[in-house]
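Structure file start.cif with mmCIF, C-alpha atoms:
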data_entry
loop_
_atom_site.label_atom_id
_atom_site.label_comp_id
_atom_site.auth_asym_id
_atom_site.auth_seq_id
_atom_site.Cartn_x
_atom_site.Cartn_y
_atom_site.Cartn_z
CA MET A 16 15.97 -32.26 -8.17
CA GLN A 17 12.80 -31.08 -9.87
CA GLY A 18 13.95 -28.16 -12.04
CA ASP A 19 11.99 -25.00 -13.02
CA ASP A 20 12.08 -23.74 -9.40
CA LEU A 21 9.20 -26.05 -8.55
CA PRO A 22 9.96 -26.29 -4.81
CA GLN A 23 10.18 -22.51 -4.55
CA ALA A 24 6.74 -22.08 -6.07
CA THR A 25 5.02 -24.71 -3.99
CA ALA A 26 6.64 -23.56 -0.78
CA GLN A 27 5.08 -20.13 -1.06
CA TYR A 28 1.44 -21.16 -1.39
CA PRO A 29 -0.91 -21.90 1.46
CA SER A 30 -3.66 -22.38 -1.14
CA GLY A 31 -5.24 -25.54 -2.55
CA SER A 32 -2.91 -25.42 -5.55
CA ALA A 33 0.10 -25.45 -3.24
CA VAL A 34 -1.22 -28.45 -1.34
CA ILE A 35 -1.81 -30.40 -4.56
CA LEU A 36 1.64 -29.56 -5.91
CA ARG A 37 3.30 -30.48 -2.65
CA VAL A 38 1.43 -33.78 -2.44
CA LEU A 39 2.37 -34.66 -6.03
CA ARG A 40 6.00 -33.82 -5.40
CA VAL A 41 6.17 -35.86 -2.21
CA SER A 42 4.31 -38.72 -3.91
CA LEU A 43 6.90 -38.74 -6.69
CA HIS A 44 9.78 -39.07 -4.24
CA VAL A 45 7.97 -41.66 -2.14
CA GLY A 46 7.04 -43.65 -5.25
CA PHE A 47 10.64 -43.67 -6.43
CA ALA A 48 11.85 -44.80 -2.99
CA VAL A 49 9.21 -47.55 -2.67
CA LEU A 50 9.84 -48.97 -6.16
CA LEU A 51 13.58 -48.94 -5.56
CA LEU A 52 13.17 -50.62 -2.17
CA VAL A 53 10.87 -53.33 -3.58
CA ALA A 54 13.37 -54.08 -6.34
CA VAL A 55 16.24 -54.26 -3.84
CA VAL A 56 14.28 -56.60 -1.56
CA ARG A 57 13.34 -58.91 -4.45
CA LEU A 58 16.95 -58.91 -5.62
CA ALA A 59 18.19 -59.78 -2.13
CA VAL A 60 15.58 -62.51 -1.66
CA ALA A 61 16.67 -64.14 -4.91
CA GLY A 62 20.07 -64.83 -3.33
CA LEU A 63 23.28 -63.03 -2.40
CA SER A 64 25.68 -65.59 -3.81
CA SER A 65 26.21 -64.10 -7.28
CA PHE A 66 28.34 -61.15 -8.31
CA ALA A 67 25.42 -59.63 -10.24
CA THR A 68 23.33 -59.51 -7.06
CA TRP A 69 26.00 -57.65 -5.08
CA ALA A 70 26.64 -55.34 -7.98
CA GLY A 71 22.89 -54.60 -8.19
CA LEU A 72 22.70 -53.82 -4.49
CA LEU A 73 25.67 -51.46 -4.67
CA LEU A 74 24.29 -49.72 -7.74
CA ALA A 75 20.88 -49.40 -6.07
CA LEU A 76 22.51 -47.88 -2.99
CA PHE A 77 24.46 -45.47 -5.18
CA LEU A 78 21.29 -44.54 -7.10
CA ALA A 79 19.47 -43.88 -3.83
CA GLY A 80 22.33 -41.61 -2.67
CA VAL A 81 22.42 -39.64 -5.93
CA TYR A 82 18.65 -39.20 -5.96
CA LEU A 83 18.55 -38.17 -2.29
CA ALA A 84 21.44 -35.71 -2.73
CA GLY A 85 19.67 -33.99 -5.60
CA THR A 86 16.35 -33.64 -3.81
CA VAL A 87 17.97 -32.43 -0.56
CA LEU A 88 20.04 -29.78 -2.36
CA GLU A 89 16.95 -28.59 -4.22
CA LYS A 90 14.93 -28.40 -1.02
CA ARG A 91 17.65 -26.47 0.81
CA HIS A 92 17.86 -23.98 -2.06
CA ALA A 93 14.07 -23.61 -2.08
CA ALA A 94 14.13 -22.79 1.65
CA ASN A 95 17.00 -20.31 1.26
CA SER A 96 17.87 -18.90 -2.17
CA ASP A 97 21.35 -17.93 -0.91
CA ARG A 98 22.31 -21.60 -0.64
CA PHE A 99 23.88 -23.60 -3.47
CA ASP A 100 21.60 -23.70 -6.51
CA PRO A 101 21.61 -27.18 -8.09
CA LYS A 102 19.37 -26.24 -11.00
CA PRO A 103 22.23 -25.75 -13.53
CA TYR A 104 23.29 -29.34 -12.82
CA ALA A 105 19.79 -30.84 -12.97
CA ARG A 106 20.25 -32.44 -16.40
CA TRP A 107 23.55 -33.99 -15.41
CA TRP A 108 21.90 -35.33 -12.29
CA LEU A 109 19.07 -36.81 -14.39
CA ALA A 110 21.61 -38.36 -16.78
CA VAL A 111 23.38 -40.08 -13.87
CA VAL A 112 20.08 -41.33 -12.44
CA GLY A 113 18.99 -42.62 -15.88
CA PHE A 114 22.32 -44.36 -16.49
CA LEU A 115 22.23 -46.13 -13.12
CA TRP A 116 18.65 -47.18 -13.83
CA LEU A 117 19.70 -48.73 -17.15
CA LEU A 118 22.48 -50.70 -15.44
CA LEU A 119 20.07 -51.93 -12.78
CA MET A 120 17.54 -53.03 -15.44
CA LEU A 121 20.23 -55.20 -17.00
CA ILE A 122 20.71 -56.90 -13.64
CA SER A 123 17.06 -57.38 -12.64
CA PRO A 124 13.69 -56.66 -14.35
CA ASP A 125 12.31 -55.51 -10.97
CA PHE A 126 14.16 -52.21 -11.43
CA ALA A 127 12.24 -51.56 -14.66
CA TRP A 128 9.28 -49.98 -12.84
CA ILE A 129 11.45 -47.12 -11.56
CA ALA A 130 10.95 -45.80 -15.09
CA PHE A 131 7.57 -44.31 -14.19
CA PRO A 132 8.83 -41.72 -11.64
CA LEU A 133 11.73 -41.10 -14.06
CA PHE A 134 9.19 -40.16 -16.73
CA PHE A 135 7.96 -37.33 -14.48
CA LEU A 136 11.51 -36.18 -13.81
CA GLN A 137 12.29 -36.08 -17.51
CA LEU A 138 9.15 -34.09 -18.24
CA HIS A 139 9.95 -31.47 -15.57
CA ILE A 140 13.70 -31.13 -15.96
CA LEU A 141 13.99 -31.32 -19.74
CA PRO A 142 12.34 -29.01 -22.27
CA ARG A 143 9.18 -30.52 -23.70
CA ARG A 144 10.71 -31.00 -27.15
CA VAL A 145 13.47 -33.07 -25.52
CA ALA A 146 11.43 -34.66 -22.74
CA LEU A 147 8.92 -36.40 -25.03
CA PRO A 148 11.59 -38.15 -27.16
CA ALA A 149 13.48 -39.02 -23.95
CA ILE A 150 10.34 -40.62 -22.49
CA ALA A 151 9.77 -42.55 -25.74
CA ALA A 152 13.38 -43.81 -25.69
CA SER A 153 13.09 -44.79 -22.02
CA THR A 154 9.88 -46.67 -22.81
CA ALA A 155 11.59 -48.54 -25.64
CA LEU A 156 14.51 -49.43 -23.35
CA LEU A 157 12.05 -50.57 -20.70
CA ILE A 158 10.27 -52.87 -23.20
CA ALA A 159 13.61 -54.18 -24.43
CA ALA A 160 14.78 -54.93 -20.88
CA MET A 161 11.58 -56.75 -20.05
CA TRP A 162 11.83 -58.76 -23.26
CA PHE A 163 15.47 -59.52 -22.48
CA HIS A 164 14.67 -60.90 -19.03
CA ASN A 165 11.58 -62.79 -20.27
CA ARG A 166 12.92 -64.06 -23.57
CA GLY A 167 11.96 -67.60 -24.34
CA ALA A 168 8.57 -67.41 -22.64
CA GLY A 169 6.92 -67.57 -26.03
CA ALA A 170 3.46 -66.48 -24.92
CA ASP A 171 1.82 -63.87 -27.13
CA ALA A 172 -0.14 -62.43 -24.18
CA LEU A 173 3.08 -61.96 -22.30
CA GLN A 174 4.68 -60.20 -25.24
CA LEU A 175 1.64 -57.91 -25.63
CA ALA A 176 1.62 -57.05 -21.89
CA MET A 177 5.33 -56.19 -22.02
CA VAL A 178 4.53 -53.61 -24.69
CA LEU A 179 1.21 -52.23 -23.57
CA GLY A 180 2.20 -51.82 -19.90
CA PRO A 181 5.16 -49.48 -20.46
CA VAL A 182 3.38 -47.61 -23.29
CA PHE A 183 0.26 -46.90 -21.23
CA GLY A 184 2.43 -46.06 -18.22
CA ALA A 185 4.44 -43.57 -20.26
CA ALA A 186 1.27 -42.04 -21.72
CA PHE A 187 -0.24 -41.69 -18.26
CA ALA A 188 2.99 -40.10 -17.00
CA VAL A 189 2.98 -37.58 -19.86
CA VAL A 190 -0.67 -36.61 -19.34
CA THR A 191 -0.21 -36.35 -15.58
CA GLY A 192 3.02 -34.42 -16.00
CA LEU A 193 1.40 -31.92 -18.36
CA ALA A 194 -1.45 -31.43 -15.91
CA TYR A 195 1.15 -31.02 -13.17
CA ARG A 196 2.90 -28.40 -15.29
CA ALA A 197 -0.34 -26.53 -15.95
CA LEU A 198 -1.12 -26.52 -12.22
CA TYR A 199 2.38 -25.28 -11.46
CA VAL A 200 2.10 -22.46 -14.02
CA GLU A 201 -1.24 -21.45 -12.51
CA ALA A 202 0.26 -21.44 -9.03
CA GLU A 203 3.22 -19.39 -10.26
CA ASN A 204 0.87 -16.86 -11.88
CA GLN A 205 -1.04 -16.61 -8.60
CA ARG A 206 2.21 -16.04 -6.74
CA LEU A 207 3.25 -13.27 -9.12
CA ALA A 208 -0.21 -11.72 -8.89
CA ALA A 209 -0.05 -11.87 -5.08
CA GLU A 210 3.37 -10.22 -5.08
CA GLU A 211 2.12 -7.49 -7.41
CA LEU A 212 -0.89 -6.98 -5.15
CA ARG A 213 1.37 -6.67 -2.11
CA ARG A 214 3.55 -4.15 -3.93
CA THR A 215 0.50 -2.21 -5.03
CA ARG A 216 -0.88 -2.18 -1.49
CA ALA A 217 2.47 -1.02 -0.13
CA GLU A 218 2.63 1.79 -2.71
CA LEU A 219 -0.97 2.74 -1.94
CA SER A 220 -0.21 2.78 1.76
CA ARG A 221 2.80 5.02 1.18
CA SER A 222 0.74 7.31 -1.06
CA GLN A 223 -2.00 7.54 1.55
CA HIS A 224 0.56 8.24 4.25
CA ASP A 225 2.18 10.96 2.14
CA ALA A 226 -1.24 12.42 1.29
CA GLY A 227 -2.20 12.39 4.97
CA ALA A 228 1.05 14.07 5.95
CA LEU A 229 0.57 16.69 3.23
CA ALA A 230 -3.02 17.31 4.30
CA GLU A 231 -1.90 17.71 7.91
CA ARG A 232 0.82 20.17 6.89
CA GLU A 233 -1.72 22.14 4.88
CA ARG A 234 -4.13 22.15 7.84
CA LEU A 235 -1.42 23.43 10.18
CA ALA A 236 -0.38 26.04 7.62
CA ARG A 237 -3.97 27.31 7.37
CA GLU A 238 -4.38 27.39 11.13
CA ILE A 239 -1.08 29.20 11.63
CA HIS A 240 -1.95 31.76 8.97
CA ASP A 241 -5.46 32.41 10.24
CA THR A 242 -4.67 32.39 13.98
CA LEU A 243 -1.07 32.60 15.12
CA ALA A 244 0.21 34.78 12.29
CA GLN A 245 -2.68 37.21 12.69
CA GLY A 246 -2.26 37.21 16.47
CA PHE A 247 1.48 37.82 16.31
CA SER A 248 0.93 40.70 13.88
CA SER A 249 -1.53 42.18 16.35
CA ILE A 250 0.93 41.72 19.22
CA VAL A 251 3.71 43.47 17.28
CA LEU A 252 1.36 46.30 16.35
CA MET A 253 0.04 46.75 19.89
CA GLY A 254 3.55 46.59 21.32
CA ARG A 255 4.69 49.44 19.08
CA SER A 256 1.57 51.42 19.95
CA ALA A 257 2.23 50.90 23.67
CA GLU A 258 5.81 52.16 23.24
CA LYS A 259 4.56 55.31 21.52
CA ALA A 260 1.96 55.86 24.26
CA LEU A 261 4.65 55.55 26.95
CA GLU A 262 6.89 57.97 25.11
CA ALA A 263 3.97 60.39 24.94
CA GLY A 264 3.23 59.90 28.65
CA ASP A 265 -0.19 58.36 27.97
CA ASN A 266 -0.06 55.60 30.56
CA ALA A 267 -3.75 54.73 30.22
CA ALA A 268 -3.39 54.05 26.49
CA ALA A 269 -0.21 52.04 27.10
CA ARG A 270 -1.98 49.88 29.70
CA ASP A 271 -4.86 49.36 27.29
CA ARG A 272 -2.47 48.28 24.51
CA LEU A 273 -0.54 45.96 26.84
CA ARG A 274 -3.81 44.40 27.99
CA THR A 275 -4.65 43.70 24.36
CA VAL A 276 -1.19 42.17 23.87
CA ARG A 277 -1.73 39.89 26.88
CA GLU A 278 -5.17 38.82 25.72
CA THR A 279 -3.98 38.19 22.18
CA ALA A 280 -1.00 36.15 23.39
CA ALA A 281 -3.26 34.08 25.66
CA GLY A 282 -5.66 33.55 22.78
CA ASN A 283 -2.82 32.47 20.48
CA LEU A 284 -1.58 29.99 23.07
CA ALA A 285 -5.04 28.49 23.43
CA GLU A 286 -5.49 28.34 19.65
CA ALA A 287 -2.11 26.61 19.21
CA ARG A 288 -2.95 23.96 21.78
CA ASN A 289 -6.32 23.31 20.18
CA PHE A 290 -5.40 23.09 16.52
CA VAL A 291 -2.43 20.80 17.28
CA ARG A 292 -4.99 18.44 18.85
CA GLY A 293 -7.36 19.00 15.92
CA LEU A 294 -9.97 20.71 18.10
CA GLY A 295 -12.11 23.78 17.45
CA SER A 296 -11.40 27.31 18.51
CA PRO A 297 -11.62 27.88 22.30
CA GLU A 298 -13.41 31.20 21.64
CA LEU A 299 -16.22 29.32 19.90
CA ALA A 300 -16.54 26.96 22.83
CA GLU A 301 -16.91 29.89 25.23
CA SER A 302 -19.35 32.20 23.47
CA GLY A 303 -20.50 30.62 20.23
CA LEU A 304 -20.04 31.87 16.69
CA ALA A 305 -22.10 35.09 16.96
CA GLY A 306 -20.45 36.26 20.19
CA THR A 307 -16.98 35.43 18.86
CA LEU A 308 -17.58 37.38 15.66
CA ARG A 309 -18.86 40.35 17.67
CA ARG A 310 -15.71 40.38 19.82
CA LEU A 311 -13.59 40.02 16.71
CA CYS A 312 -15.12 43.23 15.31
CA THR A 313 -14.36 45.08 18.54
CA LYS A 314 -10.78 43.80 18.48
CA THR A 315 -10.37 44.87 14.85
CA GLU A 316 -11.40 48.42 15.74
CA ALA A 317 -8.82 48.49 18.53
CA GLU A 318 -6.06 47.22 16.24
CA ALA A 319 -6.92 49.85 13.64
CA ALA A 320 -6.86 52.55 16.32
CA ALA A 321 -3.41 51.36 17.40
CA ARG A 322 -2.25 52.09 13.86
CA GLY A 323 -3.70 55.58 14.11
CA ALA A 324 -6.62 54.80 11.79
CA THR A 325 -10.32 55.17 12.39
CA LEU A 326 -12.24 52.01 11.52
CA HIS A 327 -15.81 51.34 12.56
CA CYS A 328 -16.36 47.57 12.52
CA ARG A 329 -19.70 46.05 13.45
CA PHE A 330 -21.35 42.64 13.42
CA GLU A 331 -24.87 41.92 12.16
CA LEU A 332 -26.92 38.74 12.61
CA GLN A 333 -29.77 37.95 10.23
CA GLY A 334 -32.24 35.08 10.23
CA THR A 335 -32.93 32.44 12.86
CA PRO A 336 -29.66 30.94 14.08
CA VAL A 337 -29.27 27.16 13.98
CA ALA A 338 -26.69 24.96 15.61
CA LEU A 339 -23.79 24.56 13.19
CA PRO A 340 -21.25 21.73 13.09
CA ASN A 341 -17.85 22.58 14.54
CA PRO A 342 -16.13 22.58 11.10
CA TYR A 343 -18.69 25.16 9.88
CA GLN A 344 -18.16 27.43 12.85
CA THR A 345 -14.36 27.17 12.65
CA THR A 346 -14.34 27.89 8.91
CA LEU A 347 -16.59 30.94 9.28
CA LEU A 348 -14.52 32.30 12.15
CA ARG A 349 -11.23 31.80 10.28
CA ALA A 350 -12.74 33.50 7.23
CA ALA A 351 -13.77 36.50 9.30
CA GLN A 352 -10.37 36.69 11.02
CA SER A 353 -8.50 36.56 7.72
CA SER A 354 -10.80 39.04 5.99
CA LEU A 355 -10.76 41.60 8.83
CA ALA A 356 -7.00 41.30 9.17
CA ASN A 357 -6.73 42.29 5.52
CA VAL A 358 -9.15 45.16 6.11
CA TRP A 359 -7.21 46.89 8.89
CA ALA A 360 -3.80 46.03 7.42
CA HIS A 361 -4.33 46.88 3.74
CA ALA A 362 -7.75 48.28 2.86
CA GLN A 363 -7.47 51.72 4.56
CA ALA A 364 -11.23 51.45 5.13
CA SER A 365 -13.35 53.53 7.48
CA THR A 366 -16.17 50.99 7.81
CA ALA A 367 -16.29 47.20 7.92
CA VAL A 368 -19.37 45.04 8.41
CA VAL A 369 -19.54 41.32 9.13
CA THR A 370 -22.98 39.88 8.38
CA LEU A 371 -23.89 36.35 9.41
CA SER A 372 -27.13 35.11 7.81
CA PHE A 373 -29.07 31.91 8.39
CA LEU A 374 -31.21 31.04 5.37
CA ASP A 375 -33.41 28.02 4.71
CA ALA A 376 -30.79 25.92 2.89
CA GLU A 377 -27.51 27.62 3.72
CA VAL A 378 -25.60 29.82 6.09
CA THR A 379 -23.81 32.82 4.63
CA MET A 380 -21.29 35.35 5.84
CA ASP A 381 -20.41 38.59 4.09
CA VAL A 382 -17.45 40.77 5.08
CA PHE A 383 -17.77 44.27 3.56
CA ASP A 384 -15.37 47.18 3.73
CA ASP A 385 -15.33 50.57 1.98
CA GLY A 386 -11.60 50.60 1.53
CA ALA A 387 -9.18 50.83 -1.39
CA GLY A 388 -10.28 47.57 -2.99
CA PHE A 389 -8.16 45.49 -5.38
CA ASP A 390 -8.31 43.40 -8.55
CA PRO A 391 -9.36 39.84 -7.51
CA VAL A 392 -8.20 38.30 -10.79
CA ALA A 393 -4.73 39.76 -10.51
CA ALA A 394 -4.53 38.83 -6.84
CA ALA A 395 -5.48 35.22 -7.61
CA ALA A 396 -2.76 35.02 -10.27
CA GLU A 397 -0.03 36.18 -7.89
CA PRO A 398 2.06 33.37 -6.35
CA THR A 399 2.36 32.96 -2.62
CA ARG A 400 4.99 35.29 -1.30
CA GLY A 401 8.09 33.98 0.39
CA ASP A 402 7.32 35.69 3.69
CA GLY A 403 4.27 33.49 4.20
CA THR A 404 1.72 36.10 3.15
CA GLY A 405 -0.62 35.93 0.21
CA VAL A 406 -2.22 32.62 1.21
CA GLY A 407 -5.41 33.92 2.84
CA LEU A 408 -7.87 33.49 -0.04
CA LYS A 409 -6.24 30.25 -1.19
CA SER A 410 -6.46 28.82 2.33
CA LEU A 411 -10.07 29.95 2.67
CA ARG A 412 -11.04 28.36 -0.65
CA GLU A 413 -9.51 25.06 0.46
CA ARG A 414 -11.43 25.16 3.73
CA LEU A 415 -14.72 25.85 1.96
CA ALA A 416 -14.12 23.24 -0.74
CA ALA A 417 -13.81 20.59 1.97
CA LEU A 418 -17.31 21.55 3.18
CA ASN A 419 -18.87 21.95 -0.30
CA GLY A 420 -19.00 25.68 0.25
CA THR A 421 -18.26 28.59 -2.08
CA LEU A 422 -16.30 31.82 -1.88
CA ASP A 423 -16.98 34.92 -3.98
CA VAL A 424 -14.86 38.06 -3.85
CA GLU A 425 -16.27 41.25 -5.32
CA SER A 426 -13.88 44.18 -5.46
CA ALA A 427 -12.34 46.77 -7.69
CA PRO A 428 -9.67 49.41 -7.10
CA GLY A 429 -11.21 52.30 -5.13
CA GLU A 430 -14.60 50.60 -4.68
CA GLY A 431 -14.19 48.53 -1.53
CA THR A 432 -14.46 44.75 -1.13
CA VAL A 433 -17.11 42.15 -0.33
CA VAL A 434 -16.06 38.62 0.65
CA ALA A 435 -19.14 36.37 0.37
CA ILE A 436 -19.15 32.85 1.84
CA ARG A 437 -21.86 30.20 1.33
CA LEU A 438 -22.13 26.91 3.22
CA PRO A 439 -24.98 24.43 2.60
CA LEU A 440 -27.10 23.39 5.56
CA GLY A 441 -28.15 19.76 6.02
CA THR A 442 -31.83 18.94 6.43
CA GLY A 443 -31.20 17.44 9.85
CA ASN A 444 -29.72 20.52 11.54
CA PRO A 445 -31.75 21.26 14.67
CA ALA A 446 -32.78 24.85 15.02
CA SER A 447 -31.88 26.56 18.24
CA GLU A 448 -31.65 30.14 19.39
CA ALA A 449 -28.10 31.44 19.65
CA SER A 450 -27.08 34.28 21.85
CA PRO A 451 -26.32 37.28 19.62
#
For the structure just supplied, provide its representation as structure tokens.
Amino acid sequence: MQGDDLPQATAQYPSGSAVILRVLRVSLHVGFAVLLLVAVVRLAVAGLSSFATWAGLLLALFLAGVYLAGTVLEKRHAANSDRFDPKPYARWWLAVVGFLWLLLMLISPDFAWIAFPLFFLQLHILPRRVALPAIAASTALLIAAMWFHNRGAGADALQLAMVLGPVFGAAFAVVTGLAYRALYVEAENQRLAAEELRRTRAELSRSQHDAGALAERERLAREIHDTLAQGFSSIVLMGRSAEKALEAGDNAAARDRLRTVRETAAGNLAEARNFVRGLGSPELAESGLAGTLRRLCTKTEAEAAARGATLHCRFELQGTPVALPNPYQTTLLRAAQSSLANVWAHAQASTAVVTLSFLDAEVTMDVFDDGAGFDPVAAAAEPTRGDGTGVGLKSLRERLAALNGTLDVESAPGEGTVVAIRLPLGTGNPASEASP
């Protein structure tokens, strides 16, 4: 029974400190057992005819049982903390072991050397202020027992050896025990540090998981706003326009509107499948960025016409096109979709122009309309509305920030709007002609 949770600490370390502590602990128990066995054998060899001999053997057997019971209980508790904890009874256990040792020393001097493992037990179970006086008292009792059994020898060398041996043994036990304690404290600090590191890693893993989940939700929200929401708005608008055309008997216009509804629904379905898988827009894969933007302008005109408005929307390409990474193309397309949706839904404009420009160090896209305009500062200060609208510019800024791009909005009430996007080009982008 070691005290101070020593078995628990050593059992949790696969490190060098754990090995040393375990070896020292096992050596202590083995040393106690060997010294006790040697004393028992010498007592038995001396003769079994006297009462003192039988009493010594019984006391030695009882001491072995008490010592073994304490160490087994401590080991079982170290392996499973739910088992009986013998630590509160450690001092009583040590008192019983010490008392039995004193009785055995009176019977035979061979039991005196059990004092040395007892010194270690005293140093680990008792507080240091109590352990040191206890070790000194045990040393004095050991010297007295040896003198008692060797009285009458009369040799000065023998008397000096009886004193120096126990004193040096006790001093060695104290020094070794203190080193043992320091090693144990170091191992315990390492265990606590390892537990803290594991907790920190677990918290970091949870934080990263939560951040990843939040980022994925934000990505899906942006994609839904810029694709599905816009597409569903177009479908609703075209459906109403088709109903009005049928009521007016204009079957050709109704068929045209229904064709747009079908195409928009098919496009939404393809977009949904792709952004769930984290892929780019299928329109970009089919005709590239320039062709997709051109078709988007044509579609915007048709949607405005379905509302009964006249909007001329055109696409312009400037500079020598270069191959852009998929995130660049997707971001520019989503920006154009969101901006043009705002144009035909809110701006009441008659003209809209989407200009894609390839410069030396960047690619830019400007979306201009001559509509009603708005106050960008006031719009930025408005919170997101509960119906899911009002997130276009915020979503676009987040997309561009992830690519080190910038967004500038120039507008004023009654003066139209320009949405200007800038994305830096890497030096390793290969130039290639793109179909306009």
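Residue nearest Ala287 of chain A within the list A:Leu243, A:Ala228, A:Ala48, A:Leu304: A:Leu243 [criterion: smallest interatomic distance, all atoms listed in the file].
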*Determine the residue set returned by the PyMOL selection byres ((chain A and resi 75) around 9) for the present structure, and present it as a VMD selection string.*
chain A and resid 51 to 52 54 to 55 70 to 74 76 to 80 115 to 116 119
Please save C-alpha atoms of the selected residues as an mmCIF file, in the frame of the given file.
data_model
loop_
_atom_site.group_PDB
_atom_site.id
_atom_site.type_symbol
_atom_site.label_atom_id
_atom_site.label_comp_id
_atom_site.auth_asym_id
_atom_site.auth_seq_id
_atom_site.Cartn_x
_atom_site.Cartn_y
_atom_site.Cartn_z
ATOM 1 C CA LEU A 51 13.580 -48.940 -5.560
ATOM 2 C CA LEU A 52 13.170 -50.620 -2.170
ATOM 3 C CA ALA A 54 13.370 -54.080 -6.340
ATOM 4 C CA VAL A 55 16.240 -54.260 -3.840
ATOM 5 C CA ALA A 70 26.640 -55.340 -7.980
ATOM 6 C CA GLY A 71 22.890 -54.600 -8.190
ATOM 7 C CA LEU A 72 22.700 -53.820 -4.490
ATOM 8 C CA LEU A 73 25.670 -51.460 -4.670
ATOM 9 C CA LEU A 74 24.290 -49.720 -7.740
ATOM 10 C CA LEU A 76 22.510 -47.880 -2.990
ATOM 11 C CA PHE A 77 24.460 -45.470 -5.180
ATOM 12 C CA LEU A 78 21.290 -44.540 -7.100
ATOM 13 C CA ALA A 79 19.470 -43.880 -3.830
ATOM 14 C CA GLY A 80 22.330 -41.610 -2.670
ATOM 15 C CA LEU A 115 22.230 -46.130 -13.120
ATOM 16 C CA TRP A 116 18.650 -47.180 -13.830
ATOM 17 C CA LEU A 119 20.070 -51.930 -12.780
#
*Just how far from atom CA of Ala305 of chain A is atom CA of Ala230 of chain A, in Å to one decimal?*
29.0 Å
_Which residue of A:Gly429, A:Leu348, A:Leu133, A:Asp97 approaches Tyr82 of chain A most closely, using all atoms listed in the file_ =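 Smallest separation from Tyr82 of chain A among the options: A:Leu133.
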*Given the file shown, enumerate the residues that the PyMOL selection byres ((chain A and resi 181) around 12) captures and present them as an MDAnalysis selection string.*
chainID A and resid 127:131 134 150:162 174:180 182:188
*Give me the result of the PyMOL selection byres ((chain A and resi 333) around 9) on this file, residue by residue, as a list in words.*
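Applied to this file, the PyMOL selection byres ((chain A and resi 333) around 9) selects Glu331, Leu332, Gly334, Thr335, Pro336, Thr370, Leu371, Ser372, Phe373 and Leu374 of chain A.
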*When distances are computed from all atoms listed in the file, which of A:Glu318, A:Glu218, A:Glu262, A:Asp381 shows the smallest separation from Leu347 of chain A?*
A:Asp381
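With distances restricted to all atoms listed in the file, A:Cys312 is the closest residue to Leu326 of chain A from A:Ala376, A:Cys312, A:Leu438, A:Leu229.
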*Which distance in Å separates atom CA of Glu286 of chain A and atom CA of Ala268 of chain A, to one decimal?*
26.7 Å
*Go ahead and compute the interatomic distance for atom CA of Ala387 of chain A and atom CA of Ala364 of chain A, in Å to one decimal.*
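Computed distance, atom CA of Ala387 of chain A to atom CA of Ala364 of chain A, equals 6.9 Å.
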Expected answer as a PDB file with C-alpha atoms, in the coordinates of the input: all residues with atoms within 8 Å of (-2.6, 49.1, 10.7), only C-alpha atoms:
ATOM      1  CA  LEU A 252       1.360  46.300  16.350  1.00  0.00           C
ATOM      2  CA  GLU A 318      -6.060  47.220  16.240  1.00  0.00           C
ATOM      3  CA  ALA A 319      -6.920  49.850  13.640  1.00  0.00           C
ATOM      4  CA  ALA A 320      -6.860  52.550  16.320  1.00  0.00           C
ATOM      5  CA  ALA A 321      -3.410  51.360  17.400  1.00  0.00           C
ATOM      6  CA  ARG A 322      -2.250  52.090  13.860  1.00  0.00           C
ATOM      7  CA  GLY A 323      -3.700  55.580  14.110  1.00  0.00           C
ATOM      8  CA  ALA A 324      -6.620  54.800  11.790  1.00  0.00           C
ATOM      9  CA  TRP A 359      -7.210  46.890   8.890  1.00  0.00           C
ATOM     10  CA  ALA A 360      -3.800  46.030   7.420  1.00  0.00           C
ATOM     11  CA  HIS A 361      -4.330  46.880   3.740  1.00  0.00           C
TER      12      HIS A 361
END
Around segment 350-363 of chain A, with edges along x, y and z and 8 Å added on all six sides, what centre and edge lengths do you get, in Å to one decimal, as JSON?
{"center_x": -8.8, "center_y": 42.6, "center_z": 6.9, "size_x": 26.0, "size_y": 34.2, "size_z": 24.2}
*Identify, on the basis of all atoms listed in the file, every residue whose closest approach to segment 419-425 of chain A does not exceed 12 Å; exclude the query and any residue fewer than 2 positions from it along the same chain; express the result as a PyMOL selection string.*
chain A and resi 342-343+346-347+350+354+377-385+388-392+394-395+408-417+427-428+430-441
_Residue with smallest distance to Ala356 of chain A - pool A:Asp271, A:Glu89, A:Glu233, A:Glu316, counting all atoms listed in the file_ = A:Glu316
